[in-house]
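Enquirer: Have a peek at work_7.txt (compact mmCIF, C-alpha atoms and all ligand atoms).
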# COMPACT_ATOMS: atom_id res chain seq x y z
CA MET A 3 -0.46 -3.09 28.95
CA THR A 4 -3.15 -4.34 26.58
CA ALA A 5 -2.96 -2.74 23.17
CA GLU A 6 -5.83 -0.97 21.51
CA ILE A 7 -6.44 -2.69 18.19
CA ILE A 8 -6.43 -0.31 15.21
CA ASN A 9 -9.47 -1.18 13.13
CA GLY A 10 -8.22 -0.65 9.58
CA LYS A 11 -11.39 -2.13 8.15
CA GLU A 12 -13.54 0.50 9.86
CA VAL A 13 -11.22 3.41 8.97
CA ALA A 14 -11.12 2.21 5.37
CA LYS A 15 -14.92 1.92 5.24
CA ASN A 16 -15.33 5.53 6.39
CA LYS A 17 -12.78 6.75 3.88
CA ARG A 18 -14.52 4.83 1.08
CA GLU A 19 -17.82 6.47 1.99
CA GLU A 20 -16.18 9.91 1.62
CA LEU A 21 -14.63 8.86 -1.69
CA GLY A 22 -18.00 7.51 -2.86
CA ASN A 23 -19.60 10.93 -2.26
CA GLU A 24 -16.81 12.62 -4.16
CA VAL A 25 -17.14 10.21 -7.09
CA ALA A 26 -20.91 10.75 -7.20
CA LYS A 27 -20.34 14.50 -7.58
CA LEU A 28 -17.70 14.00 -10.28
CA THR A 29 -19.96 11.59 -12.15
CA GLN A 30 -22.74 14.21 -12.08
CA GLN A 31 -20.27 16.55 -13.77
CA GLY A 32 -19.68 13.88 -16.44
CA LEU A 33 -16.36 12.62 -15.07
CA THR A 34 -16.33 9.04 -13.82
CA PRO A 35 -12.90 8.06 -12.49
CA GLY A 36 -11.59 4.96 -14.28
CA LEU A 37 -9.01 2.38 -13.16
CA VAL A 38 -7.48 -0.36 -15.29
CA VAL A 39 -5.62 -3.21 -13.63
CA ILE A 40 -3.33 -5.24 -15.88
CA LEU A 41 -2.52 -8.80 -14.83
CA VAL A 42 -0.15 -11.13 -16.67
CA GLY A 43 -0.50 -14.79 -15.67
CA ASN A 44 -2.59 -16.41 -12.96
CA ASP A 45 -0.79 -15.93 -9.66
CA PRO A 46 -3.46 -16.82 -7.04
CA ALA A 47 -2.35 -14.13 -4.57
CA SER A 48 -2.47 -11.48 -7.32
CA LEU A 49 -5.95 -12.62 -8.35
CA SER A 50 -7.11 -12.36 -4.76
CA TYR A 51 -5.63 -8.85 -4.33
CA ILE A 52 -7.23 -7.73 -7.57
CA ARG A 53 -10.66 -8.96 -6.47
CA GLY A 54 -10.28 -6.73 -3.40
CA LYS A 55 -9.26 -3.75 -5.53
CA GLN A 56 -12.20 -4.29 -7.89
CA LYS A 57 -14.71 -4.57 -5.04
CA ALA A 58 -13.50 -1.36 -3.41
CA ALA A 59 -13.38 0.56 -6.70
CA GLU A 60 -16.88 -0.50 -7.74
CA GLU A 61 -18.31 0.19 -4.28
CA ILE A 62 -17.04 3.76 -4.57
CA GLY A 63 -18.34 4.18 -8.12
CA VAL A 64 -14.98 4.05 -9.89
CA HIS A 65 -15.16 2.44 -13.34
CA PHE A 66 -12.98 -0.68 -13.06
CA LYS A 67 -11.53 -2.79 -15.85
CA LEU A 68 -9.34 -5.87 -15.58
CA GLU A 69 -7.02 -6.62 -18.50
CA HIS A 70 -6.02 -10.23 -17.91
CA PHE A 71 -3.35 -11.75 -20.18
CA GLU A 72 -1.76 -15.17 -20.51
CA GLU A 73 1.63 -15.75 -18.90
CA THR A 74 3.12 -15.83 -22.44
CA LEU A 75 2.43 -12.14 -23.19
CA SER A 76 5.69 -10.54 -24.36
CA GLU A 77 7.21 -7.45 -22.83
CA THR A 78 6.71 -5.50 -26.07
CA GLU A 79 3.03 -6.46 -26.16
CA LEU A 80 2.62 -5.37 -22.55
CA LEU A 81 4.33 -2.03 -23.23
CA ASP A 82 1.92 -1.50 -26.16
CA VAL A 83 -1.08 -2.22 -23.94
CA ILE A 84 0.18 0.33 -21.41
CA GLU A 85 0.72 2.92 -24.14
CA ASN A 86 -2.90 2.49 -25.27
CA TYR A 87 -4.14 3.16 -21.74
CA ASN A 88 -1.77 6.12 -21.36
CA GLN A 89 -3.71 7.64 -24.29
CA ASP A 90 -7.20 6.50 -23.21
CA SER A 91 -8.91 9.37 -21.39
CA ARG A 92 -11.54 7.06 -19.83
CA PHE A 93 -8.89 5.65 -17.51
CA HIS A 94 -7.23 7.89 -14.93
CA GLY A 95 -5.31 5.14 -13.18
CA ILE A 96 -3.19 2.30 -14.59
CA LEU A 97 -1.94 -0.45 -12.29
CA VAL A 98 0.19 -3.33 -13.49
CA GLN A 99 -0.04 -6.06 -10.88
CA LEU A 100 3.32 -7.26 -9.58
CA PRO A 101 5.12 -9.61 -9.66
CA LEU A 102 5.37 -10.00 -13.43
CA PRO A 103 6.58 -13.20 -15.16
CA LYS A 104 10.38 -13.47 -15.27
CA HIS A 105 10.70 -12.68 -19.00
CA ILE A 106 9.27 -9.17 -18.45
CA ASN A 107 11.44 -6.35 -17.11
CA GLU A 108 9.52 -4.79 -14.24
CA THR A 109 11.43 -1.51 -14.35
CA ALA A 110 10.70 -1.00 -18.05
CA VAL A 111 7.01 -1.63 -17.39
CA ILE A 112 6.77 0.76 -14.44
CA GLU A 113 8.58 3.46 -16.41
CA LYS A 114 6.17 3.02 -19.33
CA ILE A 115 3.15 4.04 -17.25
CA SER A 116 2.46 7.75 -17.56
CA PRO A 117 3.45 9.36 -14.22
CA GLU A 118 0.09 11.19 -14.37
CA LYS A 119 -1.74 7.81 -14.29
CA ASP A 120 0.64 5.96 -11.98
CA VAL A 121 -1.79 5.37 -9.10
CA ASP A 122 0.65 2.89 -7.51
CA GLY A 123 3.18 5.71 -7.09
CA PHE A 124 5.96 3.43 -8.37
CA HIS A 125 7.21 5.51 -11.33
CA PRO A 126 10.63 7.07 -10.59
CA VAL A 127 9.16 10.52 -11.27
CA ASN A 128 6.57 10.00 -8.54
CA VAL A 129 9.11 8.39 -6.19
CA GLY A 130 11.29 11.48 -6.68
CA ARG A 131 8.36 13.80 -6.00
CA MET A 132 7.59 11.85 -2.83
CA LEU A 133 11.23 12.03 -1.68
CA THR A 134 11.26 15.78 -2.12
CA GLY A 135 7.92 16.15 -0.32
CA GLN A 136 5.90 17.29 -3.37
CA ASP A 137 2.24 16.56 -3.95
CA THR A 138 2.05 13.32 -5.94
CA PHE A 139 0.58 9.81 -6.02
CA LEU A 140 1.86 8.19 -2.85
CA PRO A 141 2.34 4.40 -2.87
CA CYS A 142 -0.81 2.85 -1.44
CA THR A 143 0.42 0.71 1.46
CA PRO A 144 2.77 3.37 2.91
CA ALA A 145 0.15 6.09 2.45
CA GLY A 146 -2.45 3.86 4.12
CA ILE A 147 -0.14 3.32 7.10
CA VAL A 148 0.43 7.06 7.57
CA GLU A 149 -3.32 7.65 7.30
CA LEU A 150 -4.02 4.98 9.94
CA LEU A 151 -1.45 6.53 12.31
CA LYS A 152 -2.91 10.01 11.81
CA ILE A 153 -6.51 8.90 12.31
CA THR A 154 -5.43 7.10 15.49
CA ASN A 155 -3.87 10.42 16.62
CA VAL A 156 -0.42 8.91 17.00
CA GLU A 157 2.11 11.74 17.39
CA LEU A 158 4.77 11.42 14.65
CA THR A 159 6.99 14.47 15.15
CA GLY A 160 10.24 13.53 16.91
CA LYS A 161 9.20 9.89 17.35
CA HIS A 162 11.60 7.07 16.63
CA VAL A 163 10.18 4.94 13.84
CA VAL A 164 11.87 1.62 13.16
CA VAL A 165 10.99 0.05 9.80
CA ILE A 166 11.86 -3.60 9.23
CA GLY A 167 12.03 -4.33 5.51
CA ARG A 168 13.49 -2.21 2.70
CA SER A 169 11.33 -3.07 -0.30
CA ASN A 170 10.53 -0.43 -2.88
CA LEU A 171 6.81 -1.16 -2.37
CA VAL A 172 6.60 -0.68 1.39
CA GLY A 173 9.73 -0.40 3.55
CA LYS A 174 11.64 2.37 1.79
CA PRO A 175 8.66 4.63 1.04
CA VAL A 176 6.97 4.29 4.43
CA GLY A 177 10.16 5.41 6.15
CA GLN A 178 10.40 8.33 3.76
CA LEU A 179 6.80 9.42 4.33
CA LEU A 180 7.32 9.32 8.09
CA LEU A 181 10.55 11.28 7.74
CA ASN A 182 8.46 13.89 5.87
CA GLU A 183 6.23 13.87 8.99
CA ASN A 184 9.26 14.76 11.15
CA ALA A 185 9.87 11.31 12.62
CA THR A 186 13.38 9.94 13.16
CA VAL A 187 13.61 6.81 11.03
CA THR A 188 15.78 3.71 11.33
CA TYR A 189 15.68 1.08 8.57
CA CYS A 190 16.37 -2.56 9.45
CA HIS A 191 16.64 -5.49 7.04
CA SER A 192 17.88 -9.05 6.68
CA ARG A 193 21.54 -8.04 7.19
CA THR A 194 20.89 -5.88 10.26
CA LYS A 195 22.83 -6.96 13.32
CA ASN A 196 21.20 -7.08 16.77
CA LEU A 197 17.74 -6.47 15.30
CA SER A 198 15.92 -6.85 18.59
CA GLU A 199 18.06 -4.13 20.24
CA LEU A 200 16.90 -1.71 17.55
CA THR A 201 13.25 -2.74 17.48
CA LYS A 202 13.06 -2.28 21.25
CA GLN A 203 13.99 1.38 20.77
CA ALA A 204 11.03 2.04 18.48
CA ASP A 205 8.17 4.31 19.50
CA ILE A 206 6.54 3.17 16.27
CA LEU A 207 7.52 -0.21 14.83
CA ILE A 208 6.60 -1.04 11.23
CA VAL A 209 7.13 -4.64 10.20
CA ALA A 210 7.15 -5.56 6.50
CA VAL A 211 9.29 -8.66 6.09
CA GLY A 212 6.85 -11.34 4.92
CA ARG A 213 7.66 -13.90 7.63
CA ALA A 214 4.93 -15.19 9.90
CA ASN A 215 5.26 -14.15 13.57
CA PHE A 216 8.77 -12.76 12.95
CA ILE A 217 8.47 -10.16 15.74
CA GLY A 218 7.51 -11.29 19.23
CA GLY A 219 6.61 -9.48 22.44
CA LYS A 220 10.25 -9.45 23.59
CA ASP A 221 11.21 -7.35 20.55
CA ILE A 222 8.77 -4.53 21.36
CA LYS A 223 9.13 -1.60 23.77
CA GLU A 224 6.34 -1.23 26.33
CA GLY A 225 3.76 1.18 24.90
CA ALA A 226 5.06 1.16 21.31
CA VAL A 227 2.73 1.49 18.34
CA VAL A 228 3.07 -1.61 16.15
CA ILE A 229 2.04 -1.70 12.49
CA ASP A 230 2.02 -5.16 10.94
CA VAL A 231 2.24 -5.11 7.14
CA GLY A 232 2.78 -8.86 6.69
CA VAL A 233 0.23 -11.13 5.07
CA ASN A 234 1.31 -14.75 5.46
CA ARG A 235 -0.81 -17.82 4.83
CA LEU A 236 -0.30 -20.58 7.38
CA GLU A 237 -0.54 -24.29 6.58
CA ASN A 238 -4.03 -24.36 8.10
CA GLY A 239 -5.10 -21.75 5.52
CA LYS A 240 -5.38 -18.91 8.04
CA LEU A 241 -3.79 -15.51 7.42
CA CYS A 242 -1.31 -14.10 9.89
CA GLY A 243 1.00 -11.11 10.07
CA ASP A 244 4.73 -10.68 10.64
CA VAL A 245 4.05 -9.85 14.29
CA HIS A 246 3.04 -12.40 16.93
CA PHE A 247 -0.33 -10.81 17.65
CA ASP A 248 -1.06 -12.30 21.09
CA GLU A 249 2.40 -11.44 22.43
CA ALA A 250 2.47 -7.94 20.92
CA LYS A 251 -0.99 -7.18 22.34
CA GLU A 252 0.41 -7.46 25.88
CA VAL A 253 3.20 -4.92 25.26
CA ALA A 254 2.11 -2.43 22.59
CA SER A 255 -0.17 0.59 23.07
CA TYR A 256 -1.68 0.25 19.58
CA LEU A 257 -1.51 -2.68 17.19
CA THR A 258 -2.86 -3.43 13.71
CA PRO A 259 -4.42 -6.88 13.19
CA VAL A 260 -3.97 -9.16 10.16
CA PRO A 261 -6.35 -9.33 8.42
CA GLY A 262 -8.28 -6.08 8.97
CA GLY A 263 -5.40 -3.67 9.60
CA VAL A 264 -3.21 -2.28 6.86
CA GLY A 265 -4.72 -4.32 3.97
CA PRO A 266 -8.08 -2.54 3.69
CA MET A 267 -6.29 0.83 3.77
CA THR A 268 -4.02 -0.14 0.86
CA ILE A 269 -7.00 -0.83 -1.36
CA THR A 270 -8.71 2.37 -0.26
CA MET A 271 -5.65 4.48 -1.06
CA LEU A 272 -5.64 3.04 -4.58
CA ALA A 273 -9.19 4.32 -5.05
CA HIS A 274 -8.11 7.63 -3.49
CA ASN A 275 -5.27 7.97 -6.01
CA THR A 276 -7.61 7.14 -8.90
CA VAL A 277 -10.05 9.85 -7.82
CA LYS A 278 -7.14 12.28 -7.35
CA SER A 279 -5.94 11.53 -10.89
CA ALA A 280 -9.42 12.07 -12.35
CA LYS A 281 -9.75 15.41 -10.53
CA GLN A 282 -6.41 16.53 -11.94
CA THR A 283 -7.83 16.31 -15.46
CA LEU A 284 -10.30 19.08 -14.49
CA GLN A 285 -7.49 21.54 -13.72
N1 LIG B 301 1.65 -6.62 -5.78
C1 LIG B 301 1.56 -6.64 -4.43
N2 LIG B 301 1.23 -5.40 -3.98
C2 LIG B 301 1.14 -4.60 -5.07
C3 LIG B 301 0.83 -3.22 -5.25
O1 LIG B 301 0.60 -2.46 -4.31
N3 LIG B 301 0.81 -2.79 -6.54
C4 LIG B 301 1.08 -3.59 -7.58
N4 LIG B 301 1.06 -3.06 -8.79
N5 LIG B 301 1.37 -4.87 -7.45
C5 LIG B 301 1.40 -5.37 -6.19
Kindly present the structure from the file in structure tokens form.
Expert:
Amino acid sequence: MTAEIINGKEVAKNKREELGNEVAKLTQQGLTPGLVVILVGNDPASLSYIRGKQKAAEEIGVHFKLEHFEETLSETELLDVIENYNQDSRFHGILVQLPLPKHINETAVIEKISPEKDVDGFHPVNVGRMLTGQDTFLPCTPAGIVELLKITNVELTGKHVVVIGRSNLVGKPVGQLLLNENATVTYCHSRTKNLSELTKQADILIVAVGRANFIGGKDIKEGAVVIDVGVNRLENGKLCGDVHFDEAKEVASYLTPVPGGVGPMTITMLAHNTVKSAKQTLQ
């Protein structure tokens, strides 16, 4: 079998066009959605992700602001900055780029963001709403994955989803969202025994471990749908996923590439959440 490649870039582009039309209408009504991204320090990967977020936001017509601080910013100062944006009605979304420097408590920072502006969907209030299936800001990468599966018309009800990785950003929430879509979900992680036996049972395999080419063709069931969330930079400077693309292509029915798969959807869902937040102020 040769897999059909899921073109996340194309799906994201179409979704951004729709969002752009929506933002144009809101702007005509005097409401321009605003997003502030707060970065502490100069982590090159974070800077690169933020450039992507800015480009997508501006393309759609979302007002974007970057608050960039030195690595030495204290936790109290950061909490004050967040409080100011919680009160600032020009900004409907607040995103604090992770990871933060070691002297800052990530949990305290996430909990400081108003749940009504938490476009990352990381605040415990929003995580709880997601767990209980309520309408809320869904975390961007997991929501982007579900959107990609739906647009590709992949049946989710009753399917066995195997998620590798249990991070709060991706692994845990993506499994939860797919459970809400009536899938049967198995979580695997670094302590899982006989990993390959489990991955070979997956109708839909989601790989978010952060290790280049971690999953090979022998780990995948014939005809499975494979979603590769990994972004790893090789020594030659090229990006690659957690899944061995050439091997997986011969076994899977659908496969996301890296780059051009999940990544563009993540950024698009951030813009989606910002627009959603702005619209909620009209209610
Ligand atoms: N760092 C890597 N991915 C993310 C993300 O989705 N949100 C935030 N805030 N930081 C990140």
Enquirer: With only C-alpha atoms as the atoms that count, which of A:Cys142, A:Ile62, A:Val13, A:Val25 lies nearest to Leu272 in chain A?
Expert: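 Of A:Cys142, A:Ile62, A:Val13, A:Val25, the one nearest Leu272 in chain A is A:Cys142, counting only C-alpha atoms.
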Enquirer: Name the closest residue to Gly232 in chain A among the candidates A:Thr143, A:Leu181, A:Val253, A:Gln285; distances are taken between atoms, counting all atoms listed in the file.
Expert: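 Going through A:Thr143, A:Leu181, A:Val253, A:Gln285 one by one, the smallest distance to Gly232 in chain A is for A:Thr143.
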Enquirer: With all atoms listed in the file as the atoms that count, which of A:Glu24, A:Glu118, A:Asp205, A:Glu12 lies nearest to Gly225 in chain A?
Expert: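 Among the listed residues, A:Asp205 lies closest to Gly225 in chain A.
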Enquirer: Would you mind reading off the distance between CA of Val228 in chain A and CA of Val260 in chain A, one decimal, in Å?
Expert: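 CA of Val228 in chain A sits 11.9 Å away from CA of Val260 in chain A.
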Enquirer: To one decimal place, how far is CA of Gly212 in chain A from CA of Val233 in chain A in Å?
Expert: 6.6 Å
Enquirer: Go through A:Lys67, A:Arg235, A:Lys11, A:His105 one by one, measure the shortest atom-to-atom distance of each to Gly265 in chain A using only C-alpha atoms, and give the residue with the smallest value.
Expert: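 Smallest separation from Gly265 in chain A among the options: A:Lys11.
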Enquirer: Ranking A:Gln203, A:Asn196, A:Gln99, A:Thr258 by minimum distance to ligand LIG 301 (chain B) and counting only C-alpha atoms and all ligand atoms, which one comes first?
Expert: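 With only C-alpha atoms and all ligand atoms as the atom set, the closest residue is A:Gln99.
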Enquirer: Write as a list of chain:residue names the residues around ligand LIG 301 (chain B), taking 8 Å as the cut-off and counting only C-alpha atoms and all ligand atoms.
Expert: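 Taking only C-alpha atoms and all ligand atoms into account, the residues around ligand LIG 301 (chain B) at most 8 Å away are A:Ser48, A:Tyr51, A:Leu97, A:Val98, A:Gln99, A:Leu100, A:Pro101, A:Asp122, A:Pro141, A:Cys142, A:Thr143, A:Leu171, A:Thr268.
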Enquirer: Only C-alpha atoms, please: the residues just picked out, written as a compact mmCIF listing (two decimals), in the coordinates of the input.
Expert:
# COMPACT_ATOMS: atom_id res chain seq x y z
CA SER A 48 -2.47 -11.48 -7.32
CA TYR A 51 -5.63 -8.85 -4.33
CA LEU A 97 -1.94 -0.45 -12.29
CA VAL A 98 0.19 -3.33 -13.49
CA GLN A 99 -0.04 -6.06 -10.88
CA LEU A 100 3.32 -7.26 -9.58
CA PRO A 101 5.12 -9.61 -9.66
CA ASP A 122 0.65 2.89 -7.51
CA PRO A 141 2.34 4.40 -2.87
CA CYS A 142 -0.81 2.85 -1.44
CA THR A 143 0.42 0.71 1.46
CA LEU A 171 6.81 -1.16 -2.37
CA THR A 268 -4.02 -0.14 0.86
Enquirer: Between A:Lys278, A:Arg131, A:Arg18, A:His70, which is the closest to Ile40 in chain A once you count only C-alpha atoms?
Expert: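 When distances to Ile40 in chain A are compared using only C-alpha atoms, the smallest one comes from A:His70.
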Enquirer: Kindly provide, as a PDB file with C-alpha atoms, in the coordinates of the input, the polymer residues lying within 10 Å of (12.7, 14.8, 19.5), counting only C-alpha atoms and using the coordinates exactly as they appear in the file.
Expert:
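Just written: out-v7.pdb:
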ATOM      1  CA  LEU A 158       4.770  11.420  14.650  1.00  0.00           C
ATOM      2  CA  THR A 159       6.990  14.470  15.150  1.00  0.00           C
ATOM      3  CA  GLY A 160      10.240  13.530  16.910  1.00  0.00           C
ATOM      4  CA  LYS A 161       9.200   9.890  17.350  1.00  0.00           C
ATOM      5  CA  HIS A 162      11.600   7.070  16.630  1.00  0.00           C
ATOM      6  CA  ASN A 184       9.260  14.760  11.150  1.00  0.00           C
ATOM      7  CA  ALA A 185       9.870  11.310  12.620  1.00  0.00           C
ATOM      8  CA  THR A 186      13.380   9.940  13.160  1.00  0.00           C
TER       9      THR A 186
END
Enquirer: Excluding Leu236 in chain A and any residue of its chain fewer than 6 positions from it, enumerate the residues within 10 Å of it, using only C-alpha atoms, and give them as a PDB file with C-alpha atoms, in the frame of the given file.
Expert:
ATOM      1  CA  ALA A 214       4.930 -15.190   9.900  1.00  0.00           C
ATOM      2  CA  CYS A 242      -1.310 -14.100   9.890  1.00  0.00           C
ATOM      3  CA  GLY A 243       1.000 -11.110  10.070  1.00  0.00           C
TER       4      GLY A 243
END
Enquirer: Could you pull out every residue with an atom within 7 Å of (14.2, -2.6, 12.3), file coordinates, counting only C-alpha atoms, and send them as a list of chain:residue names?
Expert: A:Val164, A:Val165, A:Ile166, A:Thr188, A:Tyr189, A:Cys190, A:His191, A:Leu197, A:Leu200, A:Thr201
Enquirer: Residues within 7 Å of Thr4 in chain A, please, as an MDAnalysis selection string. Count only C-alpha atoms; anything in the same chain fewer than 6 positions from it doesn't count.
Expert: chainID A and resid 251:255
Enquirer: In Å, rounded to a single decimal, give me how far CA of Ala273 in chain A is from CA of Gly146 in chain A.
Expert: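 Separation of CA of Gly146 in chain A and CA of Ala273 in chain A: 11.4 Å.
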Enquirer: If we count all atoms listed in the file, what is near Val121 in chain A at a cut-off of 8 Å, once residues fewer than 2 positions away on the same chain are taken out, given as a list in words?
Expert: Gly95, Ile96, Leu97, Lys119, Gly123, Phe139, Leu140, Pro141, Leu272, Asn275, Thr276 and Ser279 of chain A
Enquirer: From the block I gave, I'd like range 211-227 of chain A written with N, CA and C atoms, as a compact mmCIF listing (two decimals), in the first residue's frame.
Expert:
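Heads up, here's the output in selection-v8.txt:
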# COMPACT_ATOMS: atom_id res chain seq x y z
N VAL A 211 6.66 12.06 20.28
CA VAL A 211 7.71 11.73 21.25
C VAL A 211 8.94 12.63 21.14
N GLY A 212 9.12 13.28 20.00
CA GLY A 212 10.28 14.15 19.83
C GLY A 212 11.58 13.40 19.58
N ARG A 213 11.49 12.25 18.90
CA ARG A 213 12.70 11.51 18.53
C ARG A 213 12.64 11.14 17.05
N ALA A 214 13.65 11.59 16.34
CA ALA A 214 13.65 11.44 14.87
C ALA A 214 13.51 9.96 14.47
N ASN A 215 12.61 9.71 13.54
CA ASN A 215 12.41 8.37 12.95
C ASN A 215 12.20 7.27 14.00
N PHE A 216 11.51 7.60 15.09
CA PHE A 216 11.30 6.67 16.21
C PHE A 216 10.42 5.49 15.79
N ILE A 217 9.44 5.75 14.93
CA ILE A 217 8.52 4.70 14.48
C ILE A 217 8.84 4.32 13.04
N GLY A 218 9.04 3.04 12.82
CA GLY A 218 9.35 2.56 11.46
C GLY A 218 8.18 1.79 10.87
N GLY A 219 8.34 1.35 9.64
CA GLY A 219 7.28 0.63 8.94
C GLY A 219 6.82 -0.62 9.68
N LYS A 220 7.76 -1.30 10.35
CA LYS A 220 7.42 -2.55 11.06
C LYS A 220 6.54 -2.31 12.29
N ASP A 221 6.41 -1.07 12.72
CA ASP A 221 5.60 -0.75 13.89
C ASP A 221 4.15 -0.39 13.52
N ILE A 222 3.85 -0.39 12.23
CA ILE A 222 2.57 0.15 11.76
C ILE A 222 1.73 -0.95 11.13
N LYS A 223 0.44 -0.97 11.44
CA LYS A 223 -0.48 -1.94 10.82
C LYS A 223 -0.77 -1.52 9.38
N GLU A 224 -0.86 -2.47 8.50
CA GLU A 224 -1.20 -2.19 7.10
C GLU A 224 -2.51 -1.38 7.04
N GLY A 225 -2.48 -0.24 6.39
CA GLY A 225 -3.70 0.56 6.21
C GLY A 225 -3.99 1.54 7.34
N ALA A 226 -3.11 1.62 8.33
CA ALA A 226 -3.35 2.55 9.45
C ALA A 226 -3.19 4.01 8.98
N VAL A 227 -3.84 4.89 9.73
CA VAL A 227 -3.65 6.33 9.51
C VAL A 227 -2.57 6.78 10.48
